[in-house]
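Next comes model_38.tsv, a file with TSV, C-alpha atoms.
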```
chain	number	residue	atom	x	y	z
C	1	MET	CA	-121.26	-27.38	-75.89
C	2	ALA	CA	-120.74	-26.20	-72.35
C	3	ARG	CA	-123.75	-25.78	-70.14
C	4	ASN	CA	-124.19	-22.38	-68.51
C	5	ILE	CA	-123.96	-22.65	-64.76
C	6	THR	CA	-125.62	-19.81	-62.93
C	7	THR	CA	-126.17	-19.07	-59.31
C	8	THR	CA	-128.96	-16.86	-58.10
C	9	TYR	CA	-129.81	-15.26	-54.81
C	10	PRO	CA	-132.51	-12.76	-53.95
C	11	ALA	CA	-131.77	-9.33	-55.41
C	12	ASN	CA	-133.57	-7.62	-52.53
C	13	LEU	CA	-131.35	-9.21	-49.89
C	14	PRO	CA	-130.25	-6.30	-47.70
C	15	LEU	CA	-126.61	-5.77	-46.81
C	16	THR	CA	-125.53	-7.00	-43.42
C	17	GLU	CA	-123.77	-4.61	-41.07
C	18	GLU	CA	-120.41	-6.22	-41.96
C	19	GLU	CA	-121.14	-5.91	-45.68
C	20	THR	CA	-122.11	-2.26	-45.29
C	21	GLU	CA	-118.86	-1.57	-43.46
C	22	ALA	CA	-116.85	-3.49	-46.11
C	23	ARG	CA	-118.60	-1.56	-48.91
C	24	GLU	CA	-117.90	1.80	-47.24
C	25	GLN	CA	-114.27	0.79	-46.60
C	26	PHE	CA	-113.90	-0.25	-50.27
C	27	ILE	CA	-115.16	3.16	-51.41
C	28	HIS	CA	-112.99	5.01	-48.87
C	29	GLU	CA	-109.83	3.14	-49.88
C	30	PHE	CA	-110.31	3.76	-53.59
C	31	THR	CA	-111.20	7.44	-53.19
C	32	GLU	CA	-108.01	7.94	-51.15
C	33	GLU	CA	-105.72	5.76	-53.25
C	34	TYR	CA	-106.81	7.12	-56.64
C	35	GLN	CA	-108.07	10.60	-55.64
C	36	ILE	CA	-111.53	9.90	-57.05
C	37	SER	CA	-113.69	12.98	-56.75
C	38	ALA	CA	-115.70	13.30	-59.98
C	39	ARG	CA	-119.38	12.56	-59.40
C	40	SER	CA	-119.55	10.14	-62.31
C	41	ASP	CA	-116.55	8.22	-60.99
C	42	LEU	CA	-118.08	8.12	-57.51
C	43	ARG	CA	-121.23	6.57	-59.01
C	44	LEU	CA	-119.15	3.97	-60.80
C	45	LEU	CA	-117.22	3.34	-57.60
C	46	GLY	CA	-120.52	2.71	-55.79
C	47	LEU	CA	-121.42	0.13	-58.42
C	48	ALA	CA	-117.95	-1.42	-58.13
C	49	ALA	CA	-118.35	-1.63	-54.34
C	50	THR	CA	-121.63	-3.48	-54.83
C	51	GLU	CA	-119.92	-5.91	-57.20
C	52	TYR	CA	-117.25	-6.42	-54.55
C	53	ILE	CA	-119.91	-7.41	-51.99
C	54	LYS	CA	-121.58	-9.68	-54.56
C	55	SER	CA	-118.27	-11.39	-55.24
C	56	VAL	CA	-117.65	-11.98	-51.52
C	57	ARG	CA	-121.17	-13.44	-51.18
C	58	LEU	CA	-120.63	-15.64	-54.23
C	59	GLN	CA	-117.27	-16.90	-52.98
C	60	THR	CA	-118.80	-17.73	-49.59
C	61	GLN	CA	-121.63	-19.60	-51.32
C	62	GLU	CA	-119.18	-21.46	-53.58
C	63	LEU	CA	-117.08	-22.54	-50.60
C	64	ALA	CA	-120.13	-23.63	-48.63
C	65	THR	CA	-121.78	-25.63	-51.41
C	66	GLY	CA	-118.83	-26.69	-53.55
C	67	HIS	CA	-120.81	-25.43	-56.57
C	68	VAL	CA	-118.58	-23.07	-58.57
C	69	LEU	CA	-119.95	-20.50	-60.99
C	70	GLY	CA	-118.95	-21.69	-64.44
C	71	ASN	CA	-119.81	-18.64	-66.49
C	72	LEU	CA	-116.93	-16.33	-65.62
C	73	ARG	CA	-118.02	-13.75	-68.17
C	74	PHE	CA	-120.75	-12.58	-65.80
C	75	HIS	CA	-118.86	-13.10	-62.55
C	76	PRO	CA	-118.98	-10.11	-60.15
C	77	ILE	CA	-115.17	-9.87	-60.20
C	78	ALA	CA	-115.22	-9.43	-63.99
C	79	GLU	CA	-117.76	-6.61	-63.62
C	80	LEU	CA	-115.73	-5.09	-60.76
C	81	VAL	CA	-112.58	-5.02	-62.90
C	82	ARG	CA	-114.50	-3.49	-65.82
C	83	LEU	CA	-115.95	-0.72	-63.64
C	84	LEU	CA	-112.59	0.11	-62.07
C	85	GLY	CA	-111.03	0.20	-65.54
C	86	MET	CA	-113.67	2.70	-66.67
C	87	MET	CA	-112.51	5.04	-63.89
C	88	ASP	CA	-108.80	4.34	-64.48
C	89	ALA	CA	-108.71	3.16	-60.85
C	90	THR	CA	-106.17	0.43	-61.46
C	91	ARG	CA	-102.50	0.04	-60.63
C	92	ALA	CA	-101.61	0.26	-64.33
C	93	ALA	CA	-103.40	3.61	-64.62
C	94	LYS	CA	-101.70	4.84	-61.47
C	95	LEU	CA	-98.28	3.92	-62.88
C	96	ARG	CA	-99.11	5.60	-66.20
C	97	SER	CA	-100.03	8.79	-64.39
C	98	LYS	CA	-96.61	8.90	-62.73
C	99	GLN	CA	-94.80	8.78	-66.07
C	100	PRO	CA	-93.45	12.07	-67.47
C	101	THR	CA	-95.83	13.65	-69.95
C	102	ASN	CA	-93.43	15.83	-71.92
C	103	GLU	CA	-89.73	16.12	-72.85
C	104	GLU	CA	-88.96	18.68	-70.15
C	105	GLU	CA	-90.28	16.38	-67.42
C	106	SER	CA	-88.40	13.43	-68.93
C	107	GLU	CA	-85.18	15.44	-68.97
C	108	MET	CA	-85.64	16.52	-65.35
C	109	LEU	CA	-86.35	12.92	-64.33
C	110	ARG	CA	-83.16	11.72	-66.07
C	111	PHE	CA	-81.14	14.48	-64.40
C	112	LEU	CA	-82.49	13.62	-60.93
C	113	MET	CA	-81.91	9.90	-61.42
C	114	ASP	CA	-78.33	10.52	-62.61
C	115	TYR	CA	-77.72	12.94	-59.76
C	116	SER	CA	-78.99	10.51	-57.16
C	117	ALA	CA	-76.73	7.78	-58.57
C	118	MET	CA	-73.57	9.91	-58.17
C	119	PRO	CA	-71.27	8.86	-55.32
C	120	THR	CA	-71.29	11.27	-52.42
C	121	ARG	CA	-68.11	13.17	-51.80
C	122	ARG	CA	-66.75	13.59	-48.34
C	123	ASN	CA	-65.37	16.79	-47.05
C	124	ASN	CA	-61.63	17.11	-47.79
C	125	HIS	CA	-60.92	17.59	-44.09
C	126	GLU	CA	-62.25	14.15	-43.17
C	127	LYS	CA	-60.00	11.14	-43.62
```
Mind converting the file's structure to structure tokens?
Amino acid sequence: MARNITTTYPANLPLTEEETEAREQFIHEFTEEYQISARSDLRLLGLAATEYIKSVRLQTQELATGHVLGNLRFHPIAELVRLLGMMDATRAAKLRSKQPTNEEESEMLRFLMDYSAMPTRRNNHEK
């Protein structure tokens, strides 16, 4: 049976200035990239940004000590991915949203793709 390996650090450890900037940048990038504006999604994004900072701290600690967190189920990155998935703020969700949603859109997309693949014709006067 595998032994649980856990790493702890004080929960009341305040964010450094660099961490605060990184957290704000994380939130800014995701709100721009995925057009996040719903209040509930913004709350989840705040939690995800905190998990991002926790993961950076944990990685720094792992590199410094050589002690690697063995229980990946509770790793901050796993929680970060789960929170982003709840908001559909992932590349897969972004790609899904660009797919046509009905037959008319699909038909228009096919037409435009076929049209763009047609060879261009030069003016008859040019040779």
Residues near Arg43 in chain C, cut-off 12 Å, all atoms listed in the file, skip fewer than 4 positions along chain, as a VMD selection string = chain C and resid 27 31 36 to 39 47 to 50 83 to 84 86 to 87
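Pairwise distance (CA of His67 in chain C, CA of Glu18 in chain C) equals 24.1 Å.
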query = What gap, in Å, lies between CA of Asp88 in chain C and CA of Pro76 in chain C?
reply =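 So the two atoms, CA of Asp88 in chain C and CA of Pro76 in chain C, lie 18.2 Å apart.
You will find CA of Arg73 in chain C at 29.1 Å from CA of Gln35 in chain C.
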task = Rank nothing, just name the residue among C:Pro14, C:Gly85, C:Pro119, C:Gly70 nearest to Leu44 in chain C, using all atoms listed in the file.
result = C:Gly85
message = Given the point (-114.6, -9.9, -57.7) in the file's coordinates, find the residues that have an atom at most 8 Å from it, counting only C-alpha atoms, and give them as JSON, numbers by chain.
response = {"C": [51, 52, 54, 55, 56, 75, 76, 77, 78, 79, 80, 81]}
Using the partial input, fill out range 18-48 of chain C with N, CA and C atoms; write the result as a compact mmCIF listing (two decimals), keeping the file's coordinate frame.
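And here's rebuild29.txt as it stands now:
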```
# COMPACT_ATOMS: atom_id res chain seq x y z
N GLU C 18 -121.80 -5.98 -41.52
CA GLU C 18 -120.41 -6.22 -41.96
C GLU C 18 -120.23 -5.87 -43.43
N GLU C 19 -121.22 -6.23 -44.25
CA GLU C 19 -121.14 -5.91 -45.68
C GLU C 19 -121.20 -4.41 -45.91
N THR C 20 -122.02 -3.72 -45.16
CA THR C 20 -122.11 -2.26 -45.29
C THR C 20 -120.78 -1.62 -44.94
N GLU C 21 -120.17 -2.09 -43.85
CA GLU C 21 -118.86 -1.57 -43.46
C GLU C 21 -117.81 -1.89 -44.52
N ALA C 22 -117.82 -3.10 -45.07
CA ALA C 22 -116.85 -3.49 -46.11
C ALA C 22 -117.05 -2.65 -47.36
N ARG C 23 -118.31 -2.38 -47.73
CA ARG C 23 -118.60 -1.56 -48.91
C ARG C 23 -118.09 -0.13 -48.71
N GLU C 24 -118.36 0.44 -47.53
CA GLU C 24 -117.90 1.80 -47.24
C GLU C 24 -116.37 1.86 -47.20
N GLN C 25 -115.73 0.84 -46.65
CA GLN C 25 -114.27 0.79 -46.60
C GLN C 25 -113.69 0.69 -48.02
N PHE C 26 -114.32 -0.11 -48.87
CA PHE C 26 -113.90 -0.25 -50.27
C PHE C 26 -113.92 1.12 -50.95
N ILE C 27 -115.02 1.84 -50.79
CA ILE C 27 -115.16 3.16 -51.41
C ILE C 27 -114.12 4.12 -50.83
N HIS C 28 -113.96 4.12 -49.53
CA HIS C 28 -112.99 5.01 -48.87
C HIS C 28 -111.57 4.75 -49.37
N GLU C 29 -111.18 3.48 -49.44
CA GLU C 29 -109.83 3.14 -49.88
C GLU C 29 -109.57 3.59 -51.31
N PHE C 30 -110.52 3.37 -52.20
CA PHE C 30 -110.31 3.76 -53.59
C PHE C 30 -110.34 5.27 -53.78
N THR C 31 -111.19 5.98 -53.04
CA THR C 31 -111.20 7.44 -53.19
C THR C 31 -109.88 8.03 -52.69
N GLU C 32 -109.31 7.46 -51.64
CA GLU C 32 -108.01 7.94 -51.15
C GLU C 32 -106.87 7.56 -52.07
N GLU C 33 -106.83 6.29 -52.46
CA GLU C 33 -105.72 5.76 -53.25
C GLU C 33 -105.64 6.40 -54.64
N TYR C 34 -106.79 6.63 -55.26
CA TYR C 34 -106.81 7.12 -56.64
C TYR C 34 -107.37 8.53 -56.76
N GLN C 35 -107.55 9.24 -55.65
CA GLN C 35 -108.07 10.60 -55.64
C GLN C 35 -109.32 10.74 -56.50
N ILE C 36 -110.28 9.88 -56.29
CA ILE C 36 -111.53 9.90 -57.05
C ILE C 36 -112.44 10.95 -56.44
N SER C 37 -112.82 11.93 -57.26
CA SER C 37 -113.69 12.98 -56.75
C SER C 37 -114.80 13.36 -57.73
N ALA C 38 -114.67 12.97 -58.99
CA ALA C 38 -115.70 13.30 -59.98
C ALA C 38 -116.98 12.53 -59.64
N ARG C 39 -118.11 13.19 -59.76
CA ARG C 39 -119.38 12.56 -59.40
C ARG C 39 -119.64 11.30 -60.20
N SER C 40 -119.32 11.33 -61.48
CA SER C 40 -119.55 10.14 -62.31
C SER C 40 -118.67 8.97 -61.86
N ASP C 41 -117.44 9.27 -61.49
CA ASP C 41 -116.55 8.22 -60.99
C ASP C 41 -117.02 7.69 -59.64
N LEU C 42 -117.56 8.57 -58.81
CA LEU C 42 -118.08 8.12 -57.51
C LEU C 42 -119.28 7.20 -57.69
N ARG C 43 -120.09 7.47 -58.71
CA ARG C 43 -121.23 6.57 -59.01
C ARG C 43 -120.72 5.22 -59.46
N LEU C 44 -119.73 5.23 -60.35
CA LEU C 44 -119.15 3.97 -60.80
C LEU C 44 -118.49 3.22 -59.65
N LEU C 45 -117.86 3.96 -58.76
CA LEU C 45 -117.22 3.34 -57.60
C LEU C 45 -118.27 2.69 -56.69
N GLY C 46 -119.43 3.32 -56.56
CA GLY C 46 -120.52 2.71 -55.79
C GLY C 46 -120.97 1.40 -56.41
N LEU C 47 -121.07 1.38 -57.73
CA LEU C 47 -121.42 0.13 -58.42
C LEU C 47 -120.33 -0.92 -58.22
N ALA C 48 -119.07 -0.50 -58.32
CA ALA C 48 -117.95 -1.42 -58.13
C ALA C 48 -117.95 -1.99 -56.71
```
